[in-house]
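Okay, so here's the structure we're looking at.
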Amino acid sequence: MNKRFLSTTLALTIGFSSFGIVQTAIQPIQVEAATTNAQNNAQAVAAKADQLIQTGKSLMGQATYSDTVYKPTYPYKFSCASFLMYIFEKNGVDLGTYNEDYMIQQGTYVARNQLQKGDLVFFKSKKTGTDPDHVGMYIGDNKIIHMADSKQNIVISDLNSKPYYTENYVSARRVLPTLLSANPATKGDKIVENALAYKNKATISSTTNESSLRFTAPTFVDFIYRKSGVTLGSTSLNDLMNQGSTVARANLKKGDLVFFNSTKGSKTPSLVGIYAGDHRIIIPNSDGVMTRVLFVDYYTEHYITAKRVFSDSTSTPSVSAPSTSTSADQIIATASGLTSKAKFGYTYNESALTFTSAGFTYYVFKKHGIDLKEKLASKQALVGTRIQKSQLQKGDLLFFSTDNGGQNITQTGIYLGNNQYISMTTNNIVKQNLGTTWAQKNFVTARRVLK
């Protein structure tokens, strides 16, 4: 998607978080967000995917392509990404973004031969840059539905029908069920559900009148948590930020409060958000209540801290350290999400996503608040505790030689489970098997840095 779309719509953020009334011919499917899905329940996920597909098909012939204008009422105007954002939100699943380069970092990686209905499929035809420039949704039978371009608009395409789809395919991400809630819903799920339910009803201003749903940002947060059975009793940002226990950004869970400043480096909050899971935040501000993703530069640059202000009987009470499996899954998701974006280079450049092998692992772990200390493979091999090859767990660091000697450490990898690992090589990011001849000859050691 053309970045002009992003720049021309930042001033209209409320427009992307509150859709207008749809013509009666395009009625959204009525569902209850955050209560209809059982995690890992294939039947529930399939039902949700069918709802998404139905909504997408109902817009065919009624919407036209635009990468600069977003119009959620008839006659509709969408880019490829905002089309998907629209149909997901209409069915109770808020992606929190209208950019495909952020969507590709949500959910979990899925191989092309394992696509399921509802998966997001990404393409890149431009020869410059690293971000995908097109996205569609898989609908089964090797087909996607997508807002193609200004000539075709919304179409259904077979992934083998044209060279475009075969030659420019980048990756796919499974956002169902990761963007949905557990069954039964946790307290965090209920907080997010209530926040989304009031997103288009509440007005954010300098005064509070609960009966007319007019709030300041802190009183909106207090109202949502009270609706969810959590008493905060705070009506100022500073008071909210002093509650609960501090949580690392890498360990956020639904319902955590996230705080941002207006001046980089300041510890004074000017903005509070409710973490909605999978990098999404619900932000009350002067434009209204909107959903966004933490990938946006502003939220990265102005992030102060996060607080866990409640415990949930179905989840771990207020802690600052994640379980190994959760942390590992997050790290693996980040590493896999860089597959189509990062490239190999004999340097470390975060802005250009250019890394050596060890620079890649350093960057991935850094994104989750873990400092590997060095960007040199042999130095990273001194971090954490040594692990036998037979004891590997997800998220462990692997170290290899590149001369078939199995002694001089020059390359790193991240263990994915099932004898697979991901690493940055001169061929960019690849996933490989530890059982290959190369891996067997070059494996040196493994280290566990996750507690």
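Residue numbering restarts at 1 for every chain of the structure tokens, chains are lettered A, B, ... in their displayed order, and ligands are numbered from 1 as they appear.
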| Which residues in region 21-217 of chain A does DSSP call strand (DSSP E or B)? List them as a PyMOL selection string. | chain A and resi 63-65+71+76-78+108-109+120-123+134-140+143-147+154-158+169-174+203-204+209+214-215
Considering only C-alpha atoms, return as a PDB file with N, CA, C and O atoms, in the first residue's frame whatever protein or nucleic-acid residues lie within 9 Å of region 285-295 of chain A, sequence-local ones (same chain, fewer than 3 positions apart) excluded.
```
ATOM      1  N   LEU A  12      -6.787  11.850  10.556  1.00  0.00           N
ATOM      2  CA  LEU A  12      -8.178  11.407  10.587  1.00  0.00           C
ATOM      3  C   LEU A  12      -8.283  10.074  11.295  1.00  0.00           C
ATOM      4  O   LEU A  12      -9.021   9.196  10.895  1.00  0.00           O
ATOM      5  N   THR A  13      -7.526   9.911  12.387  1.00  0.00           N
ATOM      6  CA  THR A  13      -7.443   8.611  13.041  1.00  0.00           C
ATOM      7  C   THR A  13      -8.787   8.091  13.499  1.00  0.00           C
ATOM      8  O   THR A  13      -9.032   6.897  13.463  1.00  0.00           O
ATOM      9  N   ILE A  14      -9.659   8.971  13.926  1.00  0.00           N
ATOM     10  CA  ILE A  14     -10.947   8.490  14.398  1.00  0.00           C
ATOM     11  C   ILE A  14     -11.724   7.839  13.270  1.00  0.00           C
ATOM     12  O   ILE A  14     -12.509   6.925  13.482  1.00  0.00           O
ATOM     13  N   GLY A  15     -11.485   8.258  12.048  1.00  0.00           N
ATOM     14  CA  GLY A  15     -12.171   7.667  10.902  1.00  0.00           C
ATOM     15  C   GLY A  15     -11.830   6.214  10.723  1.00  0.00           C
ATOM     16  O   GLY A  15     -12.615   5.452  10.185  1.00  0.00           O
ATOM     17  N   PHE A  16     -10.656   5.813  11.173  1.00  0.00           N
ATOM     18  CA  PHE A  16     -10.265   4.427  11.027  1.00  0.00           C
ATOM     19  C   PHE A  16     -10.648   3.583  12.223  1.00  0.00           C
ATOM     20  O   PHE A  16     -10.465   2.387  12.202  1.00  0.00           O
ATOM     21  N   SER A  17     -11.169   4.218  13.254  1.00  0.00           N
ATOM     22  CA  SER A  17     -11.532   3.437  14.414  1.00  0.00           C
ATOM     23  C   SER A  17     -13.033   3.451  14.673  1.00  0.00           C
ATOM     24  O   SER A  17     -13.508   2.861  15.605  1.00  0.00           O
ATOM     25  N   SER A  18     -13.773   4.139  13.839  1.00  0.00           N
ATOM     26  CA  SER A  18     -15.221   4.125  13.981  1.00  0.00           C
ATOM     27  C   SER A  18     -15.855   4.187  12.606  1.00  0.00           C
ATOM     28  O   SER A  18     -15.878   5.219  11.977  1.00  0.00           O
ATOM     29  N   ASP A  94     -10.619  -6.991  15.570  1.00  0.00           N
ATOM     30  CA  ASP A  94     -10.010  -5.700  15.271  1.00  0.00           C
ATOM     31  C   ASP A  94      -8.513  -5.869  15.029  1.00  0.00           C
ATOM     32  O   ASP A  94      -7.752  -6.135  15.951  1.00  0.00           O
ATOM     33  N   LEU A  95      -8.087  -5.730  13.775  1.00  0.00           N
ATOM     34  CA  LEU A  95      -6.667  -5.855  13.447  1.00  0.00           C
ATOM     35  C   LEU A  95      -5.855  -4.681  13.981  1.00  0.00           C
ATOM     36  O   LEU A  95      -4.647  -4.796  14.175  1.00  0.00           O
ATOM     37  N   GLY A  96      -6.499  -3.544  14.182  1.00  0.00           N
ATOM     38  CA  GLY A  96      -5.817  -2.386  14.746  1.00  0.00           C
ATOM     39  C   GLY A  96      -4.906  -1.661  13.775  1.00  0.00           C
ATOM     40  O   GLY A  96      -4.180  -0.757  14.158  1.00  0.00           O
ATOM     41  N   THR A  97      -4.930  -2.032  12.492  1.00  0.00           N
ATOM     42  CA  THR A  97      -4.044  -1.385  11.526  1.00  0.00           C
ATOM     43  C   THR A  97      -4.615  -1.486  10.125  1.00  0.00           C
ATOM     44  O   THR A  97      -5.344  -2.420   9.797  1.00  0.00           O
ATOM     45  N   TYR A 102       2.411  -3.821   8.843  1.00  0.00           N
ATOM     46  CA  TYR A 102       2.163  -4.141  10.243  1.00  0.00           C
ATOM     47  C   TYR A 102       1.388  -5.449  10.369  1.00  0.00           C
ATOM     48  O   TYR A 102       1.617  -6.232  11.292  1.00  0.00           O
ATOM     49  N   GLN A 105       3.248  -8.676  10.740  1.00  0.00           N
ATOM     50  CA  GLN A 105       3.888  -8.950  12.024  1.00  0.00           C
ATOM     51  C   GLN A 105       2.896  -9.466  13.067  1.00  0.00           C
ATOM     52  O   GLN A 105       3.275  -9.780  14.188  1.00  0.00           O
ATOM     53  N   ALA A 195     -13.949  -2.379  26.070  1.00  0.00           N
ATOM     54  CA  ALA A 195     -13.329  -1.203  25.452  1.00  0.00           C
ATOM     55  C   ALA A 195     -13.740  -1.075  23.994  1.00  0.00           C
ATOM     56  O   ALA A 195     -14.057   0.014  23.510  1.00  0.00           O
ATOM     57  N   LEU A 196     -13.750  -2.203  23.278  1.00  0.00           N
ATOM     58  CA  LEU A 196     -14.161  -2.174  21.869  1.00  0.00           C
ATOM     59  C   LEU A 196     -15.650  -1.881  21.736  1.00  0.00           C
ATOM     60  O   LEU A 196     -16.075  -1.217  20.784  1.00  0.00           O
ATOM     61  N   TYR A 198     -17.399   0.082  23.544  1.00  0.00           N
ATOM     62  CA  TYR A 198     -17.651   1.510  23.758  1.00  0.00           C
ATOM     63  C   TYR A 198     -16.813   2.396  22.837  1.00  0.00           C
ATOM     64  O   TYR A 198     -16.884   3.628  22.929  1.00  0.00           O
ATOM     65  N   LYS A 199     -16.059   1.781  21.953  1.00  0.00           N
ATOM     66  CA  LYS A 199     -15.155   2.552  21.098  1.00  0.00           C
ATOM     67  C   LYS A 199     -15.895   3.595  20.268  1.00  0.00           C
ATOM     68  O   LYS A 199     -15.444   4.735  20.133  1.00  0.00           O
ATOM     69  N   ASN A 200     -17.013   3.228  19.717  1.00  0.00           N
ATOM     70  CA  ASN A 200     -17.763   4.140  18.851  1.00  0.00           C
ATOM     71  C   ASN A 200     -18.899   4.847  19.580  1.00  0.00           C
ATOM     72  O   ASN A 200     -19.689   5.555  18.962  1.00  0.00           O
ATOM     73  N   LYS A 201     -18.972   4.647  20.905  1.00  0.00           N
ATOM     74  CA  LYS A 201     -20.040   5.261  21.689  1.00  0.00           C
ATOM     75  C   LYS A 201     -19.526   6.389  22.580  1.00  0.00           C
ATOM     76  O   LYS A 201     -20.241   7.356  22.826  1.00  0.00           O
ATOM     77  N   ALA A 202     -18.294   6.232  23.077  1.00  0.00           N
ATOM     78  CA  ALA A 202     -17.757   7.197  24.042  1.00  0.00           C
ATOM     79  C   ALA A 202     -17.133   8.399  23.345  1.00  0.00           C
ATOM     80  O   ALA A 202     -16.601   8.299  22.237  1.00  0.00           O
ATOM     81  N   THR A 203     -17.215   9.544  24.022  1.00  0.00           N
ATOM     82  CA  THR A 203     -16.547  10.762  23.579  1.00  0.00           C
ATOM     83  C   THR A 203     -15.457  11.095  24.582  1.00  0.00           C
ATOM     84  O   THR A 203     -15.688  11.064  25.795  1.00  0.00           O
ATOM     85  N   ILE A 204     -14.261  11.398  24.094  1.00  0.00           N
ATOM     86  CA  ILE A 204     -13.143  11.746  24.968  1.00  0.00           C
ATOM     87  C   ILE A 204     -12.968  13.259  24.940  1.00  0.00           C
ATOM     88  O   ILE A 204     -12.801  13.857  23.871  1.00  0.00           O
ATOM     89  N   SER A 205     -13.024  13.876  26.117  1.00  0.00           N
ATOM     90  CA  SER A 205     -12.926  15.333  26.203  1.00  0.00           C
ATOM     91  C   SER A 205     -12.189  15.710  27.487  1.00  0.00           C
ATOM     92  O   SER A 205     -11.551  14.871  28.122  1.00  0.00           O
ATOM     93  N   SER A 206     -12.283  16.958  27.895  1.00  0.00           N
ATOM     94  CA  SER A 206     -11.598  17.435  29.102  1.00  0.00           C
ATOM     95  C   SER A 206     -12.464  17.292  30.340  1.00  0.00           C
ATOM     96  O   SER A 206     -12.020  17.580  31.454  1.00  0.00           O
ATOM     97  N   THR A 216     -12.749  11.844  30.246  1.00  0.00           N
ATOM     98  CA  THR A 216     -11.333  12.100  29.972  1.00  0.00           C
ATOM     99  C   THR A 216     -10.706  10.738  29.701  1.00  0.00           C
ATOM    100  O   THR A 216     -11.335   9.694  29.951  1.00  0.00           O
ATOM    101  N   ALA A 217      -9.489  10.720  29.196  1.00  0.00           N
ATOM    102  CA  ALA A 217      -8.845   9.432  28.908  1.00  0.00           C
ATOM    103  C   ALA A 217      -8.737   8.554  30.159  1.00  0.00           C
ATOM    104  O   ALA A 217      -9.101   7.368  30.118  1.00  0.00           O
ATOM    105  N   LEU A 271      -0.451   9.880  27.551  1.00  0.00           N
ATOM    106  CA  LEU A 271      -1.356   8.995  26.818  1.00  0.00           C
ATOM    107  C   LEU A 271      -1.365   7.640  27.514  1.00  0.00           C
ATOM    108  O   LEU A 271      -0.320   7.151  27.957  1.00  0.00           O
ATOM    109  N   VAL A 272      -2.531   7.026  27.618  1.00  0.00           N
ATOM    110  CA  VAL A 272      -2.647   5.683  28.177  1.00  0.00           C
ATOM    111  C   VAL A 272      -3.411   4.819  27.193  1.00  0.00           C
ATOM    112  O   VAL A 272      -4.348   5.273  26.539  1.00  0.00           O
ATOM    113  N   ALA A 276      -4.540  -4.880  23.931  1.00  0.00           N
ATOM    114  CA  ALA A 276      -5.620  -5.732  23.438  1.00  0.00           C
ATOM    115  C   ALA A 276      -5.131  -7.065  22.900  1.00  0.00           C
ATOM    116  O   ALA A 276      -5.893  -7.808  22.294  1.00  0.00           O
ATOM    117  N   ASP A 278      -1.693  -9.324  20.949  1.00  0.00           N
ATOM    118  CA  ASP A 278      -1.042  -9.370  19.638  1.00  0.00           C
ATOM    119  C   ASP A 278      -0.663  -7.981  19.126  1.00  0.00           C
ATOM    120  O   ASP A 278      -0.988  -7.604  18.002  1.00  0.00           O
ATOM    121  N   HIS A 279       0.011  -7.202  19.973  1.00  0.00           N
ATOM    122  CA  HIS A 279       0.594  -5.898  19.636  1.00  0.00           C
ATOM    123  C   HIS A 279      -0.432  -4.775  19.477  1.00  0.00           C
ATOM    124  O   HIS A 279      -0.072  -3.662  19.132  1.00  0.00           O
ATOM    125  N   ARG A 280      -1.711  -5.047  19.746  1.00  0.00           N
ATOM    126  CA  ARG A 280      -2.732  -4.024  19.558  1.00  0.00           C
ATOM    127  C   ARG A 280      -2.958  -3.233  20.845  1.00  0.00           C
ATOM    128  O   ARG A 280      -2.851  -3.766  21.943  1.00  0.00           O
ATOM    129  N   ILE A 281      -3.285  -1.958  20.699  1.00  0.00           N
ATOM    130  CA  ILE A 281      -3.633  -1.121  21.836  1.00  0.00           C
ATOM    131  C   ILE A 281      -4.900  -0.343  21.516  1.00  0.00           C
ATOM    132  O   ILE A 281      -5.162  -0.003  20.367  1.00  0.00           O
ATOM    133  N   ILE A 282      -5.692  -0.089  22.568  1.00  0.00           N
ATOM    134  CA  ILE A 282      -6.898   0.716  22.447  1.00  0.00           C
ATOM    135  C   ILE A 282      -6.602   2.038  23.136  1.00  0.00           C
ATOM    136  O   ILE A 282      -6.309   2.067  24.336  1.00  0.00           O
ATOM    137  N   TYR A 298       5.655   6.076  16.461  1.00  0.00           N
ATOM    138  CA  TYR A 298       5.337   6.981  17.558  1.00  0.00           C
ATOM    139  C   TYR A 298       5.266   6.228  18.880  1.00  0.00           C
ATOM    140  O   TYR A 298       5.815   6.674  19.896  1.00  0.00           O
ATOM    141  N   TYR A 299       4.580   5.074  18.876  1.00  0.00           N
ATOM    142  CA  TYR A 299       4.408   4.338  20.129  1.00  0.00           C
ATOM    143  C   TYR A 299       5.712   3.694  20.585  1.00  0.00           C
ATOM    144  O   TYR A 299       5.944   3.529  21.784  1.00  0.00           O
ATOM    145  N   THR A 300       6.562   3.355  19.650  1.00  0.00           N
ATOM    146  CA  THR A 300       7.875   2.829  20.007  1.00  0.00           C
ATOM    147  C   THR A 300       8.737   3.916  20.637  1.00  0.00           C
ATOM    148  O   THR A 300       9.403   3.702  21.657  1.00  0.00           O
TER     149      THR A 300
END
```
Per residue of region 306-405 of chain A within 12 Å of region 434-441 of chain A, note the shortest atom pair and the distance in Å to one decimal, counting only C-alpha atoms, and order the rows by chain and increasing residue number, as a Markdown table.
```
| residue | atom | partner | partner_atom | distance |
| --- | --- | --- | --- | --- |
| A:Lys389 | CA | A:Leu434 | CA | 9.7 |
| A:Ser390 | CA | A:Leu434 | CA | 11.3 |
| A:Leu392 | CA | A:Leu434 | CA | 11.1 |
| A:Leu398 | CA | A:Leu434 | CA | 10.0 |
| A:Phe399 | CA | A:Ala439 | CA | 9.9 |
| A:Phe400 | CA | A:Ala439 | CA | 7.6 |
| A:Ser401 | CA | A:Lys441 | CA | 8.4 |
| A:Thr402 | CA | A:Trp438 | CA | 8.6 |
| A:Asp403 | CA | A:Lys441 | CA | 8.6 |
| A:Asn404 | CA | A:Lys441 | CA | 5.1 |
| A:Gly405 | CA | A:Lys441 | CA | 6.5 |
```
Could you please take those selected residues and save C-alpha atoms as a PDB file, in the first residue's frame?
```
ATOM      1  CA  LYS A 389      21.253 -30.505  21.949  1.00  0.00           C
ATOM      2  CA  SER A 390      18.895 -33.160  23.295  1.00  0.00           C
ATOM      3  CA  LEU A 392      16.512 -27.846  23.269  1.00  0.00           C
ATOM      4  CA  LEU A 398      21.942 -22.148  18.503  1.00  0.00           C
ATOM      5  CA  PHE A 399      25.546 -21.628  17.453  1.00  0.00           C
ATOM      6  CA  PHE A 400      27.300 -22.971  14.383  1.00  0.00           C
ATOM      7  CA  SER A 401      30.580 -22.866  12.572  1.00  0.00           C
ATOM      8  CA  THR A 402      30.562 -22.338   8.806  1.00  0.00           C
ATOM      9  CA  ASP A 403      33.635 -24.383   7.906  1.00  0.00           C
ATOM     10  CA  ASN A 404      32.209 -27.850   8.661  1.00  0.00           C
ATOM     11  CA  GLY A 405      34.543 -27.998  11.650  1.00  0.00           C
TER      12      GLY A 405
END
```
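Taking only C-alpha atoms into account, Asp396 (chain A) lies nearest to A:Val449 out of the set A:Val449, A:Ile224, A:Leu159, A:Ile409.
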| message | With only C-alpha atoms as the counted atoms, please give the residues lying no more than 10 Å from Ser357 (chain A), apart from itself and same-chain residues fewer than 2 positions off, as a list in words. | response | Lys343, Phe344, Gly345, Tyr346, Thr347, Tyr348, Thr354, Phe355, Gly359, Phe360, Thr361, Tyr362, Lys375, Leu376, Ala377, Thr410, Gln411, Thr412, Gly413, Ser423, Met424, Thr425, Thr426, Asn428 and Ile429 of chain A
| task | Tell me which protein, DNA and RNA residues are within 7 Å of region 83-90 of chain A, counting only C-alpha atoms, leaving out same-chain ones fewer than 4 positions away, and put them as a ChimeraX atom specification. | result | /A:28-29,52,55-56,78-79,94-95,97-98,147
How would the residues just chosen look if you wrote them out with C-alpha atoms as a PDB file, in the first residue's frame?
```pdb
ATOM      1  CA  PRO A  28     -22.386  -6.766   8.976  1.00  0.00           C
ATOM      2  CA  ILE A  29     -22.621 -10.198  10.529  1.00  0.00           C
ATOM      3  CA  LEU A  52     -15.110 -12.910   7.097  1.00  0.00           C
ATOM      4  CA  THR A  55     -18.588 -10.107   4.314  1.00  0.00           C
ATOM      5  CA  GLY A  56     -15.744  -9.762   1.814  1.00  0.00           C
ATOM      6  CA  PHE A  78     -10.479   0.703   0.209  1.00  0.00           C
ATOM      7  CA  SER A  79      -6.830  -0.123  -0.246  1.00  0.00           C
ATOM      8  CA  ASP A  94     -10.010  -5.700  15.271  1.00  0.00           C
ATOM      9  CA  LEU A  95      -6.667  -5.855  13.447  1.00  0.00           C
ATOM     10  CA  THR A  97      -4.044  -1.385  11.526  1.00  0.00           C
ATOM     11  CA  TYR A  98      -4.657  -0.517   7.876  1.00  0.00           C
ATOM     12  CA  MET A 147      -8.820  -5.476  -3.298  1.00  0.00           C
TER      13      MET A 147
END
```
| task | Record the distance separating CA of Ile370 (chain A) and CA of Tyr109 (chain A), expressed in Å with one decimal. | result | 21.9 Å
| query | With only C-alpha atoms as the atoms that count, which of A:Gly406, A:Gly92, A:Gly265, A:Gly140 lies nearest to Asn113 (chain A)? | reply | A:Gly140
Applying 7 Å and only C-alpha atoms, which residues near Tyr415 (chain A) remain after dropping the ones on its own chain fewer than 3 positions away? List them as a short mmCIF file (atom, residue, chain, number, x, y, z; two decimals) with N, CA and C atoms, in the first residue's frame.
```cif
data_model
loop_
_atom_site.label_atom_id
_atom_site.label_comp_id
_atom_site.auth_asym_id
_atom_site.auth_seq_id
_atom_site.Cartn_x
_atom_site.Cartn_y
_atom_site.Cartn_z
N GLN A 393 14.75 -26.27 23.73
CA GLN A 393 13.39 -25.77 23.83
C GLN A 393 13.24 -24.57 22.91
N LYS A 394 11.99 -24.26 22.56
CA LYS A 394 11.72 -23.09 21.74
C LYS A 394 12.40 -21.85 22.32
N GLY A 395 13.01 -21.05 21.45
CA GLY A 395 13.62 -19.81 21.88
C GLY A 395 15.08 -19.94 22.29
N ASP A 396 15.61 -21.16 22.36
CA ASP A 396 17.03 -21.33 22.67
C ASP A 396 17.88 -20.81 21.51
N LEU A 397 19.06 -20.31 21.84
CA LEU A 397 20.00 -19.85 20.82
C LEU A 397 20.89 -21.00 20.38
N LEU A 398 21.08 -21.12 19.08
CA LEU A 398 21.94 -22.15 18.50
C LEU A 398 23.18 -21.49 17.90
N GLN A 420 13.58 -27.74 14.17
CA GLN A 420 13.71 -26.67 13.20
C GLN A 420 14.33 -25.44 13.86
N TYR A 421 15.01 -24.62 13.07
CA TYR A 421 15.54 -23.36 13.58
C TYR A 421 15.49 -22.31 12.47
N ILE A 422 15.55 -21.05 12.89
CA ILE A 422 15.54 -19.93 11.95
C ILE A 422 16.81 -19.13 12.13
#
```
Pick out the residues sitting within 8 Å of Leu176 (chain A), and hand them over as a JSON list (two decimals) with N, CA and C atoms, in the first residue's frame; count only C-alpha atoms, and ignore anything fewer than 4 positions along from it in its own chain.
```json
[["chain", "number", "residue", "atom", "x", "y", "z"],
["A", 45, "VAL", "N", -12.83, -21.35, 14.72],
["A", 45, "VAL", "CA", -12.02, -20.54, 13.82],
["A", 45, "VAL", "C", -12.56, -20.62, 12.40],
["A", 49, "ALA", "N", -13.86, -17.58, 10.07],
["A", 49, "ALA", "CA", -13.31, -17.35, 8.74],
["A", 49, "ALA", "C", -14.41, -17.28, 7.69],
["A", 107, "GLY", "N", -0.24, -12.17, 14.42],
["A", 107, "GLY", "CA", -0.52, -13.59, 14.32],
["A", 107, "GLY", "C", 0.73, -14.45, 14.31],
["A", 118, "GLY", "N", -9.12, -17.58, 6.15],
["A", 118, "GLY", "CA", -8.92, -16.49, 7.10],
["A", 118, "GLY", "C", -7.48, -16.05, 7.25],
["A", 119, "ASP", "N", -6.52, -16.84, 6.72],
["A", 119, "ASP", "CA", -5.11, -16.44, 6.78],
["A", 119, "ASP", "C", -4.87, -15.22, 5.90],
["A", 180, "LEU", "N", -8.35, -13.51, 18.60],
["A", 180, "LEU", "CA", -9.60, -13.76, 19.31],
["A", 180, "LEU", "C", -9.29, -14.12, 20.76]]
```
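Atom pair CA of Lys162 (chain A) / CA of Thr64 (chain A): separated by 21.8 Å.
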